[in-house]
Number of protein chains: 2
Amino acid sequence: MTIVNENFALLSESYLFSEIAERVRRFHESTNSDDIIRLGIGDVTQPLCPAAIEAMHRAVDDMASSTTFHGYGPEQGYQFLRDAISQNDYRARGIDIASDEIFVSDGAKSDTGNIGDIFDICNSVAMTDPVYPVYVDTNVMSGRAGANVSGRWQNIEMMPCTFDNGFIPELPKSNPALIYLCFPNNPTGTVLTKSQLKPFVDYALEHKSIILFDSAYEAFITEDDVPHSIFEIEGAKKCAIEFRSYSKTAGFTGIRCGYTVVPRELIAYGRNGEQYELNKLWKRRQCTKFNGASYISQRGAESIYSEEGKKQVKSTIDYYLRNAKILLEGCQSIGLQATGGINSPYVWISSNRGVSSWQLFDLLLNECHLVGTPGVGFGPSGEGCFRLTAFNTYEKTIEAVNRLKRVSI
Amino acid sequence: MTIVNENFALLSESYLFSEIAERVRRFHESTNSDDIIRLGIGDVTQPLCPAAIEAMHRAVDDMASSTTFHGYGPEQGYQFLRDAISQNDYRARGIDIASDEIFVSDGAKSDTGNIGDIFDICNSVAMTDPVYPVYVDTNVMSGRAGANVSGRWQNIEMMPCTFDNGFIPELPKSNPALIYLCFPNNPTGTVLTKSQLKPFVDYALEHKSIILFDSAYEAFITEDDVPHSIFEIEGAKKCAIEFRSYSKTAGFTGIRCGYTVVPRELIAYGRNGEQYELNKLWKRRQCTKFNGASYISQRGAESIYSEEGKKQVKSTIDYYLRNAKILLEGCQSIGLQATGGINSPYVWISSNRGVSSWQLFDLLLNECHLVGTPGVGFGPSGEGCFRLTAFNTYEKTIEAVNRLKRVSI
């Protein structure tokens, strides 16, 4: 008799964004309204930059001839892309990350989910709250989260990030083995400066913990003292894994490409104290359960490191950042607590009326035909809050703010 | 202190094909020989068909305009592709598989590896021997394989497939919960007829086991009584998951697209006997740890179901099948035991001299400049055997046979 992994039964059946899609579908069915403005799921809307389009056309052509055909690529990614990443995303910023510390993949969602494979189930976990649901759900699936007692996972310490603490989490209290951090943060759009991130690195070094650092939104950073990579902090190569994605950087949500950096010097332990190099473990995991990202996607990703590509990608990021500023300032102008939006495509607001996140969702959908994401969907500290994204057009963003001004939130 | 998943330490550090690549690299370095013929790793060599090239160019163009841009797609795959699969791969053969039973992915290697996520670690496993290493290694990584005692995994029953039993495995003896079958088989190239597959379905139904059926090579089937899908066997929808890939069907090894069929009626159990629908569990797994296959890859896959696409894909398969026939008949003509090659791109041979697989590998590399895959790399029953693939050119396949004729194997 086959036994299922019953940890799945601990999860709510539907993923947050499926529930949102369902409510929007029902609203659409009952009203037939066509002027819904979607600032909900964090999906980009602008077309890919010309450099990526040209590179991918060339890559498709490569596949049409046996002399330029590419079959299985290296599971860790093509050298041309790993070299471009090492050079442009790291060495150009004075960070010493080599090609063989970089693992190209089909995206950060897969990597942040799959990274759990290389760690024992016994490890305790800490993460900021609110948080990207994938971190929680994948730890629940594997059994690492433990039981859910009164809405809290036994083996996960949540580190609240709220308007009250300025979205700067306190250091963990439970001596966790794995610490998930995401900055610029999804969902709040807030950041840590280098001096605010450093205590986490020091903590991890002292406690022999590993930081799982998601910097999928680093391309949106505009302020000087905000680190693009955790490896800008001294000692981080001994205690951190970093996840990056082309989804938001270059609009690759439908193309699927990202990467993970596992420094060679990063070690963790066996139950009897043996040392293991995590770079080798992740390589073995990827070689066994993954067959490389699409050649076409990798050529597309490579193209954004060209001079033209860099300019074009920046122009789209600037477009979204202008939207983010409009949202942030618009929300603030009507007296809402609002943050994010400066180094991030996300703006995080709080209701002044003390209503719940889902009440806010329904209110904005019904009154403004506006779709956002209920903050509580990202964790208990998100209750009463709401995430808006800058990933719509300039015109619709302006219109969204005008609609917000007409209701009392 | 962070503890690693020490099951990784049970694996050999390098994956089979990495070891082969390393030996070939050393040979190349020491001889500078340029006339190595590679019949080793199962990677295709012919360019993609024109229908796929055109479809992918169109898909790239879609990404260049905001009106046709595609961001995040459904994690389970686009409806256009799931419908094409349901219609062409199943309903056209009289098999009732609906779109929502089909989960498009970045390939069968990921899916056959990741499927373990939805099953409890306690389930015992059976698989044919020799076997695709991913089935073994992923069960070792998760801990499901148990300890390795004298070269055998405690919790995995190997079902030998050898020249002696005509490559028809006996039914398992250990009442396994999960049974991996791959037909047409990798590595042996052998098949089961419908009447030979049926006892496995009956066994699984009787024992409430789940068959994990890998039919990545179904496009190579030429004989009428060989099932393309396990769902051609009555009752299989209650006991089987099927994995398919465009890698060999359409040369997509570098494009990355495949799919997995989890019938809605397929259930497994909780420890207290509760019933769980596996379709829902796999959907939850994919929605949480995967973000969909590339839009471009999915458009490419869709194109092979057009009239032109079907003809073009068949023509490439026929090209490889002609090579396979040349290899099979060539090996038989020099007195070798050889099988496969009729419904498969693989030919499986056995040494007449009783040498080991790796000795055979070194002999063929040194004497013939020919790279194949040592059978023992696929499991203990592969010792003394060797896999050759039809994925080279016609000319090099002829030359490979000529070289084989010059040595004593």
# chains A, B, ... in the order shown; residues from 1 in each chain; ligands from 1
$ residues_around --residues "region 393-397 of chain B" --least-positions-apart "3" --cutoff "12 Å" --atoms "only C-alpha atoms" --output "number ranges by chain"
A: 66-67; B: 35-39, 44-47, 316, 318-331, 369-371, 388-390, 400-404
$ write_last_selection --atoms "N, CA and C atoms" --output "mmCIF file, in the first residue's frame"
data_model
loop_
_atom_site.group_PDB
_atom_site.id
_atom_site.type_symbol
_atom_site.label_atom_id
_atom_site.label_comp_id
_atom_site.auth_asym_id
_atom_site.auth_seq_id
_atom_site.Cartn_x
_atom_site.Cartn_y
_atom_site.Cartn_z
ATOM 1 N N SER A 66 22.529 21.275 -37.513
ATOM 2 C CA SER A 66 23.250 20.311 -36.671
ATOM 3 C C SER A 66 24.609 20.852 -36.234
ATOM 4 N N THR A 67 25.159 21.804 -36.979
ATOM 5 C CA THR A 67 26.479 22.311 -36.568
ATOM 6 C C THR A 67 26.394 23.274 -35.377
ATOM 7 N N ASP B 35 38.948 11.764 -33.813
ATOM 8 C CA ASP B 35 37.918 10.950 -34.473
ATOM 9 C C ASP B 35 37.153 10.061 -33.499
ATOM 10 N N ILE B 36 36.891 10.605 -32.310
ATOM 11 C CA ILE B 36 36.066 9.879 -31.341
ATOM 12 C C ILE B 36 34.613 9.880 -31.826
ATOM 13 N N ILE B 37 33.999 8.705 -31.812
ATOM 14 C CA ILE B 37 32.572 8.630 -32.152
ATOM 15 C C ILE B 37 31.795 8.427 -30.860
ATOM 16 N N ARG B 38 30.885 9.329 -30.585
ATOM 17 C CA ARG B 38 30.174 9.307 -29.313
ATOM 18 C C ARG B 38 28.810 8.631 -29.468
ATOM 19 N N LEU B 39 28.714 7.447 -28.866
ATOM 20 C CA LEU B 39 27.431 6.743 -28.814
ATOM 21 C C LEU B 39 27.098 6.505 -27.346
ATOM 22 N N VAL B 44 20.466 13.727 -28.268
ATOM 23 C CA VAL B 44 20.168 13.802 -29.700
ATOM 24 C C VAL B 44 21.178 14.701 -30.404
ATOM 25 N N THR B 45 21.244 14.596 -31.709
ATOM 26 C CA THR B 45 22.211 15.378 -32.488
ATOM 27 C C THR B 45 21.577 16.094 -33.681
ATOM 28 N N GLN B 46 20.414 15.636 -34.107
ATOM 29 C CA GLN B 46 19.783 16.250 -35.279
ATOM 30 C C GLN B 46 19.112 17.563 -34.888
ATOM 31 N N PRO B 47 19.103 18.536 -35.791
ATOM 32 C CA PRO B 47 18.462 19.825 -35.479
ATOM 33 C C PRO B 47 16.963 19.671 -35.234
ATOM 34 N N THR B 316 12.772 12.437 -38.300
ATOM 35 C CA THR B 316 13.993 12.387 -37.479
ATOM 36 C C THR B 316 14.052 11.094 -36.667
ATOM 37 N N ASP B 318 12.763 8.304 -37.558
ATOM 38 C CA ASP B 318 13.109 7.251 -38.520
ATOM 39 C C ASP B 318 14.611 7.241 -38.812
ATOM 40 N N TYR B 319 15.178 8.421 -38.869
ATOM 41 C CA TYR B 319 16.630 8.537 -39.086
ATOM 42 C C TYR B 319 17.382 7.811 -37.970
ATOM 43 N N TYR B 320 16.984 8.106 -36.721
ATOM 44 C CA TYR B 320 17.648 7.453 -35.587
ATOM 45 C C TYR B 320 17.373 5.947 -35.576
ATOM 46 N N LEU B 321 16.151 5.572 -35.953
ATOM 47 C CA LEU B 321 15.810 4.135 -35.942
ATOM 48 C C LEU B 321 16.629 3.367 -36.981
ATOM 49 N N ARG B 322 16.928 4.035 -38.109
ATOM 50 C CA ARG B 322 17.777 3.383 -39.105
ATOM 51 C C ARG B 322 19.169 3.153 -38.514
ATOM 52 N N ASN B 323 19.684 4.163 -37.789
ATOM 53 C CA ASN B 323 20.975 3.989 -37.111
ATOM 54 C C ASN B 323 20.921 2.835 -36.115
ATOM 55 N N ALA B 324 19.820 2.780 -35.368
ATOM 56 C CA ALA B 324 19.687 1.742 -34.341
ATOM 57 C C ALA B 324 19.737 0.356 -34.987
ATOM 58 N N LYS B 325 19.057 0.230 -36.126
ATOM 59 C CA LYS B 325 19.029 -1.048 -36.841
ATOM 60 C C LYS B 325 20.446 -1.424 -37.297
ATOM 61 N N ILE B 326 21.178 -0.435 -37.798
ATOM 62 C CA ILE B 326 22.552 -0.677 -38.245
ATOM 63 C C ILE B 326 23.412 -1.169 -37.087
ATOM 64 N N LEU B 327 23.242 -0.523 -35.925
ATOM 65 C CA LEU B 327 24.015 -0.929 -34.744
ATOM 66 C C LEU B 327 23.640 -2.330 -34.300
ATOM 67 N N LEU B 328 22.336 -2.584 -34.215
ATOM 68 C CA LEU B 328 21.866 -3.890 -33.741
ATOM 69 C C LEU B 328 22.365 -5.003 -34.662
ATOM 70 N N GLU B 329 22.112 -4.819 -35.956
ATOM 71 C CA GLU B 329 22.497 -5.869 -36.906
ATOM 72 C C GLU B 329 24.011 -5.996 -37.024
ATOM 73 N N GLY B 330 24.697 -4.857 -36.919
ATOM 74 C CA GLY B 330 26.160 -4.886 -36.958
ATOM 75 C C GLY B 330 26.716 -5.688 -35.796
ATOM 76 N N CYS B 331 26.185 -5.447 -34.615
ATOM 77 C CA CYS B 331 26.673 -6.160 -33.430
ATOM 78 C C CYS B 331 26.346 -7.646 -33.526
ATOM 79 N N HIS B 369 38.181 4.193 -30.540
ATOM 80 C CA HIS B 369 37.820 5.613 -30.341
ATOM 81 C C HIS B 369 36.303 5.777 -30.332
ATOM 82 N N LEU B 370 35.679 4.865 -29.609
ATOM 83 C CA LEU B 370 34.228 4.778 -29.593
ATOM 84 C C LEU B 370 33.774 4.935 -28.132
ATOM 85 N N VAL B 371 32.830 5.872 -27.911
ATOM 86 C CA VAL B 371 32.329 6.075 -26.552
ATOM 87 C C VAL B 371 30.916 5.517 -26.427
ATOM 88 N N LEU B 388 24.859 1.316 -26.481
ATOM 89 C CA LEU B 388 25.194 2.163 -27.627
ATOM 90 C C LEU B 388 23.943 2.926 -28.029
ATOM 91 N N THR B 389 24.102 4.171 -28.466
ATOM 92 C CA THR B 389 22.922 4.935 -28.861
ATOM 93 C C THR B 389 22.945 5.250 -30.353
ATOM 94 N N ALA B 390 21.742 5.437 -30.875
ATOM 95 C CA ALA B 390 21.548 5.709 -32.299
ATOM 96 C C ALA B 390 21.583 7.198 -32.593
ATOM 97 N N ALA B 400 31.116 3.404 -36.912
ATOM 98 C CA ALA B 400 31.227 2.779 -35.588
ATOM 99 C C ALA B 400 31.141 1.264 -35.714
ATOM 100 N N VAL B 401 30.214 0.798 -36.543
ATOM 101 C CA VAL B 401 30.071 -0.654 -36.720
ATOM 102 C C VAL B 401 31.326 -1.232 -37.385
ATOM 103 N N ASN B 402 31.859 -0.509 -38.352
ATOM 104 C CA ASN B 402 33.091 -0.983 -38.991
ATOM 105 C C ASN B 402 34.227 -1.107 -37.992
ATOM 106 N N ARG B 403 34.292 -0.149 -37.084
ATOM 107 C CA ARG B 403 35.357 -0.214 -36.072
ATOM 108 C C ARG B 403 35.132 -1.377 -35.105
ATOM 109 N N LEU B 404 33.862 -1.610 -34.752
ATOM 110 C CA LEU B 404 33.559 -2.725 -33.849
ATOM 111 C C LEU B 404 33.985 -4.055 -34.464
#
$ atom_distance --atom1 "CA of Ser245 (chain B)" --atom2 "CA of Asn185 (chain B)"
13.9 Å
$ atom_distance --atom1 "CA of Ser18 (chain A)" --atom2 "CA of Met127 (chain A)"
23.1 Å
$ residues_around --residues "region 80-93 of chain A" --least-positions-apart "4" --cutoff "8 Å" --atoms "only C-alpha atoms" --output "PDB file with N, CA, C and O atoms, in the first residue's frame"
ATOM      1  N   ILE A  97      33.058  36.207  -6.577  1.00  0.00           N
ATOM      2  CA  ILE A  97      32.277  34.978  -6.778  1.00  0.00           C
ATOM      3  C   ILE A  97      32.691  34.397  -8.122  1.00  0.00           C
ATOM      4  O   ILE A  97      32.619  35.076  -9.153  1.00  0.00           O
ATOM      5  N   ALA A  98      33.147  33.138  -8.104  1.00  0.00           N
ATOM      6  CA  ALA A  98      33.637  32.495  -9.329  1.00  0.00           C
ATOM      7  C   ALA A  98      32.502  31.766 -10.036  1.00  0.00           C
ATOM      8  O   ALA A  98      31.465  31.451  -9.445  1.00  0.00           O
ATOM      9  N   SER A  99      32.742  31.478 -11.322  1.00  0.00           N
ATOM     10  CA  SER A  99      31.725  30.793 -12.133  1.00  0.00           C
ATOM     11  C   SER A  99      31.248  29.495 -11.496  1.00  0.00           C
ATOM     12  O   SER A  99      30.072  29.157 -11.576  1.00  0.00           O
ATOM     13  N   ASP A 100      32.190  28.745 -10.893  1.00  0.00           N
ATOM     14  CA  ASP A 100      31.785  27.436 -10.379  1.00  0.00           C
ATOM     15  C   ASP A 100      31.066  27.526  -9.030  1.00  0.00           C
ATOM     16  O   ASP A 100      30.732  26.510  -8.428  1.00  0.00           O
ATOM     17  N   ILE A 102      28.336  29.399  -9.148  1.00  0.00           N
ATOM     18  CA  ILE A 102      27.059  29.860  -9.694  1.00  0.00           C
ATOM     19  C   ILE A 102      26.338  28.683 -10.368  1.00  0.00           C
ATOM     20  O   ILE A 102      26.924  27.968 -11.177  1.00  0.00           O
ATOM     21  N   PHE A 103      25.072  28.493 -10.010  1.00  0.00           N
ATOM     22  CA  PHE A 103      24.265  27.416 -10.577  1.00  0.00           C
ATOM     23  C   PHE A 103      23.046  28.026 -11.255  1.00  0.00           C
ATOM     24  O   PHE A 103      22.137  28.519 -10.582  1.00  0.00           O
ATOM     25  N   VAL A 104      23.039  27.987 -12.582  1.00  0.00           N
ATOM     26  CA  VAL A 104      21.916  28.546 -13.343  1.00  0.00           C
ATOM     27  C   VAL A 104      20.741  27.569 -13.263  1.00  0.00           C
ATOM     28  O   VAL A 104      20.933  26.351 -13.292  1.00  0.00           O
ATOM     29  N   GLN A 298      18.886  30.767 -21.551  1.00  0.00           N
ATOM     30  CA  GLN A 298      20.220  31.155 -21.091  1.00  0.00           C
ATOM     31  C   GLN A 298      20.863  32.169 -22.037  1.00  0.00           C
ATOM     32  O   GLN A 298      21.568  33.086 -21.594  1.00  0.00           O
ATOM     33  N   ARG A 299      20.627  32.011 -23.341  1.00  0.00           N
ATOM     34  CA  ARG A 299      21.150  33.010 -24.285  1.00  0.00           C
ATOM     35  C   ARG A 299      20.440  34.349 -24.066  1.00  0.00           C
ATOM     36  O   ARG A 299      21.061  35.406 -24.167  1.00  0.00           O
ATOM     37  N   ALA A 301      19.274  35.404 -21.188  1.00  0.00           N
ATOM     38  CA  ALA A 301      19.823  35.970 -19.950  1.00  0.00           C
ATOM     39  C   ALA A 301      21.197  36.581 -20.201  1.00  0.00           C
ATOM     40  O   ALA A 301      21.510  37.677 -19.720  1.00  0.00           O
ATOM     41  N   GLU A 302      22.016  35.898 -20.990  1.00  0.00           N
ATOM     42  CA  GLU A 302      23.359  36.413 -21.291  1.00  0.00           C
ATOM     43  C   GLU A 302      23.283  37.812 -21.925  1.00  0.00           C
ATOM     44  O   GLU A 302      24.108  38.687 -21.646  1.00  0.00           O
ATOM     45  N   TYR A 305      23.567  41.330 -20.226  1.00  0.00           N
ATOM     46  CA  TYR A 305      24.855  41.826 -19.731  1.00  0.00           C
ATOM     47  C   TYR A 305      25.625  42.587 -20.810  1.00  0.00           C
ATOM     48  O   TYR A 305      26.720  43.084 -20.552  1.00  0.00           O
TER      49      TYR A 305
END
$ residues_around --residues "region 145-147 of chain A" --least-positions-apart "5" --cutoff "9 Å" --atoms "only C-alpha atoms" --output "NGL selection string"
:A and (7 or 10 or 121 or 124-125 or 136-140 or 152-156)
$ select_by_dssp --residues "region 141-344 of chain B" --states "helix (DSSP H, G or I)" --output "PyMOL selection string"
chain B and resi 141-142+194-207+218-220+230-232+236-238+246-250+252-254+278-289+295-303+307-333
$ closest_residue --among "B:Pro374, B:Pro227, B:Gly189, B:Gly254" --to "chain A" --atoms "only C-alpha atoms"
B:Gly254
$ atom_distance --atom1 "CA of Thr288 (chain A)" --atom2 "CA of Ser110 (chain A)"
14.6 Å
$ closest_residue --among "A:Phe200, A:Tyr78, A:Phe243, A:Tyr72" --to "Gly107 (chain B)" --atoms "only C-alpha atoms"
A:Tyr72
$ closest_residue --among "A:Cys385, A:Ala52, A:Ile3, A:Ala219" --to "Gly273 (chain B)" --atoms "only C-alpha atoms"
A:Ile3
$ residues_around --residues "region 262-268 of chain A" --least-positions-apart "5" --cutoff "12 Å" --atoms "only C-alpha atoms" --output "PDB file with C-alpha atoms, in the first residue's frame"
ATOM      1  CA  GLN A  76      24.754  24.007 -13.698  1.00  0.00           C
ATOM      2  CA  SER A  86      30.415  36.238 -12.149  1.00  0.00           C
ATOM      3  CA  ILE A  95      32.616  40.678  -4.874  1.00  0.00           C
ATOM      4  CA  ASP A  96      34.723  37.593  -5.516  1.00  0.00           C
ATOM      5  CA  ILE A  97      32.277  34.978  -6.778  1.00  0.00           C
ATOM      6  CA  ALA A  98      33.637  32.495  -9.329  1.00  0.00           C
ATOM      7  CA  SER A  99      31.725  30.793 -12.133  1.00  0.00           C
ATOM      8  CA  ASP A 100      31.785  27.436 -10.379  1.00  0.00           C
ATOM      9  CA  GLU A 101      29.973  28.934  -7.402  1.00  0.00           C
ATOM     10  CA  ILE A 102      27.059  29.860  -9.694  1.00  0.00           C
ATOM     11  CA  PHE A 103      24.265  27.416 -10.577  1.00  0.00           C
ATOM     12  CA  VAL A 104      21.916  28.546 -13.343  1.00  0.00           C
ATOM     13  CA  ASP A 111      15.750  26.947  -6.204  1.00  0.00           C
ATOM     14  CA  ILE A 115      17.408  23.984  -1.610  1.00  0.00           C
ATOM     15  CA  ILE A 118      20.431  19.303   0.854  1.00  0.00           C
ATOM     16  CA  PHE A 119      19.582  19.991   4.504  1.00  0.00           C
ATOM     17  CA  ASP A 120      18.453  17.581   7.182  1.00  0.00           C
ATOM     18  CA  ASN A 123      17.159  21.825  11.150  1.00  0.00           C
ATOM     19  CA  ALA A 177      19.945  26.466  11.594  1.00  0.00           C
ATOM     20  CA  LEU A 178      18.454  28.033   8.467  1.00  0.00           C
ATOM     21  CA  ALA A 204      24.995  33.128  11.389  1.00  0.00           C
ATOM     22  CA  LEU A 205      28.782  32.884  11.673  1.00  0.00           C
ATOM     23  CA  HIS A 207      25.807  30.112  15.504  1.00  0.00           C
ATOM     24  CA  LYS A 208      26.981  28.147  12.443  1.00  0.00           C
ATOM     25  CA  SER A 209      23.653  28.846  10.768  1.00  0.00           C
ATOM     26  CA  ILE A 210      23.094  29.229   7.029  1.00  0.00           C
ATOM     27  CA  ILE A 211      21.357  32.301   5.615  1.00  0.00           C
ATOM     28  CA  LEU A 212      19.230  31.643   2.536  1.00  0.00           C
ATOM     29  CA  PHE A 213      19.295  35.082   0.956  1.00  0.00           C
ATOM     30  CA  ILE A 230      24.713  39.448   0.797  1.00  0.00           C
ATOM     31  CA  PHE A 231      28.276  38.709  -0.272  1.00  0.00           C
ATOM     32  CA  GLY A 235      32.078  36.754   6.172  1.00  0.00           C
ATOM     33  CA  ALA A 236      28.921  36.000   4.201  1.00  0.00           C
ATOM     34  CA  LYS A 237      30.683  33.497   1.939  1.00  0.00           C
ATOM     35  CA  LYS A 238      31.052  31.316   5.013  1.00  0.00           C
ATOM     36  CA  CYS A 239      27.383  31.433   5.964  1.00  0.00           C
ATOM     37  CA  ALA A 240      25.103  32.307   3.024  1.00  0.00           C
ATOM     38  CA  ILE A 241      23.517  31.005  -0.156  1.00  0.00           C
ATOM     39  CA  GLU A 242      22.115  33.654  -2.517  1.00  0.00           C
ATOM     40  CA  PHE A 243      19.208  33.300  -4.961  1.00  0.00           C
ATOM     41  CA  ARG A 244      18.793  35.546  -7.996  1.00  0.00           C
ATOM     42  CA  GLY A 273      30.401  16.851  13.193  1.00  0.00           C
ATOM     43  CA  GLU A 274      31.779  15.942   9.748  1.00  0.00           C
ATOM     44  CA  GLN A 275      32.112  18.920   7.437  1.00  0.00           C
ATOM     45  CA  TYR A 276      30.355  18.987   4.075  1.00  0.00           C
ATOM     46  CA  GLU A 277      30.873  21.480   1.253  1.00  0.00           C
ATOM     47  CA  LEU A 278      27.432  22.738   0.283  1.00  0.00           C
ATOM     48  CA  ASN A 279      28.628  23.648  -3.210  1.00  0.00           C
ATOM     49  CA  LYS A 280      29.248  19.935  -3.870  1.00  0.00           C
ATOM     50  CA  LEU A 281      25.913  18.869  -2.370  1.00  0.00           C
ATOM     51  CA  TRP A 282      23.937  21.371  -4.439  1.00  0.00           C
ATOM     52  CA  LYS A 283      25.839  20.343  -7.561  1.00  0.00           C
TER      53      LYS A 283
ATOM     54  CA  MET B   1      24.544  24.443  13.653  1.00  0.00           C
ATOM     55  CA  THR B   2      23.229  23.475  10.256  1.00  0.00           C
ATOM     56  CA  ILE B   3      23.034  19.750   9.563  1.00  0.00           C
ATOM     57  CA  VAL B   4      23.191  18.543   5.963  1.00  0.00           C
ATOM     58  CA  ASN B   5      21.060  15.802   4.481  1.00  0.00           C
ATOM     59  CA  GLU B   6      23.602  13.063   5.028  1.00  0.00           C
TER      60      GLU B   6
END
$ select_by_dssp --residues "region 218-367 of chain A" --states "strand (DSSP E or B)" --output "list in words"
Ala240, Ile241, Glu242, Phe243, Arg244, Ser245, Gly258, Tyr259, Thr260, Val261, Ile267, Ala268, Tyr269, Gln275, Tyr276, Glu277, Gln337, Ala338, Thr339, Gly340, Tyr346, Val347, Trp348, Ile349 and Ser350 of chain A
$ closest_residue --among "B:Ile221, B:Leu16, B:Ile342, B:Leu336" --to "Tyr132 (chain B)" --atoms "only C-alpha atoms"
B:Leu16
$ closest_residue --among "A:Ile317, A:Met159, A:Ile20, A:Met63" --to "chain B" --atoms "only C-alpha atoms"
A:Met63
$ closest_residue --among "B:Cys161, B:Leu192, B:Cys287, B:Ile398" --to "chain A" --atoms "only C-alpha atoms"
B:Cys287
$ residues_around --residues "Ser105 (chain B)" --least-positions-apart "3" --cutoff "8 Å" --atoms "only C-alpha atoms" --output "MDAnalysis selection string"
chainID B and resid 76:77 108 110:111 256:260 292:293
$ write_last_selection --atoms "all heavy atoms" --output "CSV table (one decimal), in the first residue's frame"
chain,number,residue,atom,x,y,z
B,76,GLN,N,1.1,24.3,-14.2
B,76,GLN,CA,0.8,23.0,-14.8
B,76,GLN,C,1.0,23.0,-16.3
B,76,GLN,O,0.8,22.0,-17.0
B,76,GLN,CB,-0.6,22.5,-14.5
B,76,GLN,CG,-1.0,22.6,-13.1
B,76,GLN,CD,-1.7,24.0,-12.7
B,76,GLN,OE1,-1.2,25.0,-13.0
B,76,GLN,NE2,-2.9,23.9,-12.2
B,77,GLY,N,1.3,24.2,-16.9
B,77,GLY,CA,1.4,24.3,-18.4
B,77,GLY,C,0.2,25.0,-19.0
B,77,GLY,O,-0.9,25.1,-18.4
B,108,ALA,N,11.4,15.2,-18.1
B,108,ALA,CA,11.1,14.0,-17.3
B,108,ALA,C,12.2,13.7,-16.2
B,108,ALA,O,11.9,13.1,-15.2
B,108,ALA,CB,11.0,12.8,-18.2
B,110,SER,N,13.5,16.0,-14.2
B,110,SER,CA,13.0,16.7,-13.0
B,110,SER,C,11.8,16.0,-12.4
B,110,SER,O,11.7,15.7,-11.2
B,110,SER,CB,12.5,18.1,-13.4
B,110,SER,OG,13.5,18.8,-14.1
B,111,ASP,N,10.8,15.6,-13.3
B,111,ASP,CA,9.6,15.0,-12.8
B,111,ASP,C,9.8,13.6,-12.1
B,111,ASP,O,9.3,13.3,-11.0
B,111,ASP,CB,8.6,14.8,-13.9
B,111,ASP,CG,8.0,16.1,-14.3
B,111,ASP,OD1,8.2,17.1,-13.7
B,111,ASP,OD2,7.2,16.1,-15.3
B,256,ARG,N,14.1,21.8,-23.1
B,256,ARG,CA,13.5,21.5,-21.8
B,256,ARG,C,12.0,21.5,-21.8
B,256,ARG,O,11.4,22.6,-21.5
B,256,ARG,CB,14.1,22.3,-20.7
B,256,ARG,CG,15.6,22.5,-20.6
B,256,ARG,CD,16.3,21.2,-20.6
B,256,ARG,NE,15.8,20.2,-19.7
B,256,ARG,CZ,15.7,18.9,-19.9
B,256,ARG,NH1,16.1,18.4,-21.1
B,256,ARG,NH2,15.2,18.1,-19.1
B,257,CYS,N,11.3,20.4,-22.1
B,257,CYS,CA,9.9,20.3,-22.0
B,257,CYS,C,9.5,18.8,-21.9
B,257,CYS,O,10.0,18.0,-22.7
B,257,CYS,CB,9.2,21.0,-23.1
B,257,CYS,SG,7.4,21.4,-22.7
B,258,GLY,N,8.6,18.5,-21.0
B,258,GLY,CA,8.1,17.2,-20.8
B,258,GLY,C,6.8,17.3,-20.1
B,258,GLY,O,6.3,18.4,-19.9
B,259,TYR,N,6.2,16.1,-19.8
B,259,TYR,CA,5.0,16.2,-18.9
B,259,TYR,C,4.8,14.9,-18.2
B,259,TYR,O,5.4,13.9,-18.5
B,259,TYR,CB,3.8,16.5,-19.8
B,259,TYR,CG,3.4,15.5,-20.9
B,259,TYR,CD1,2.6,14.5,-20.6
B,259,TYR,CD2,3.8,15.7,-22.2
B,259,TYR,CE1,2.2,13.5,-21.5
B,259,TYR,CE2,3.5,14.8,-23.2
B,259,TYR,CZ,2.7,13.7,-22.8
B,259,TYR,OH,2.3,12.8,-23.8
B,260,THR,N,3.9,15.0,-17.2
B,260,THR,CA,3.6,13.9,-16.3
B,260,THR,C,2.1,13.8,-16.2
B,260,THR,O,1.4,14.8,-16.1
B,260,THR,CB,4.2,14.2,-14.9
B,260,THR,OG1,5.6,14.0,-15.1
B,260,THR,CG2,3.7,13.2,-13.9
B,292,GLY,N,6.4,26.7,-13.9
B,292,GLY,CA,6.0,26.5,-15.3
B,292,GLY,C,7.2,26.4,-16.2
B,292,GLY,O,8.3,26.9,-15.9
B,293,ALA,N,7.0,25.7,-17.3
B,293,ALA,CA,8.1,25.6,-18.3
B,293,ALA,C,8.1,26.9,-19.2
B,293,ALA,O,7.0,27.6,-19.2
B,293,ALA,CB,7.8,24.4,-19.2
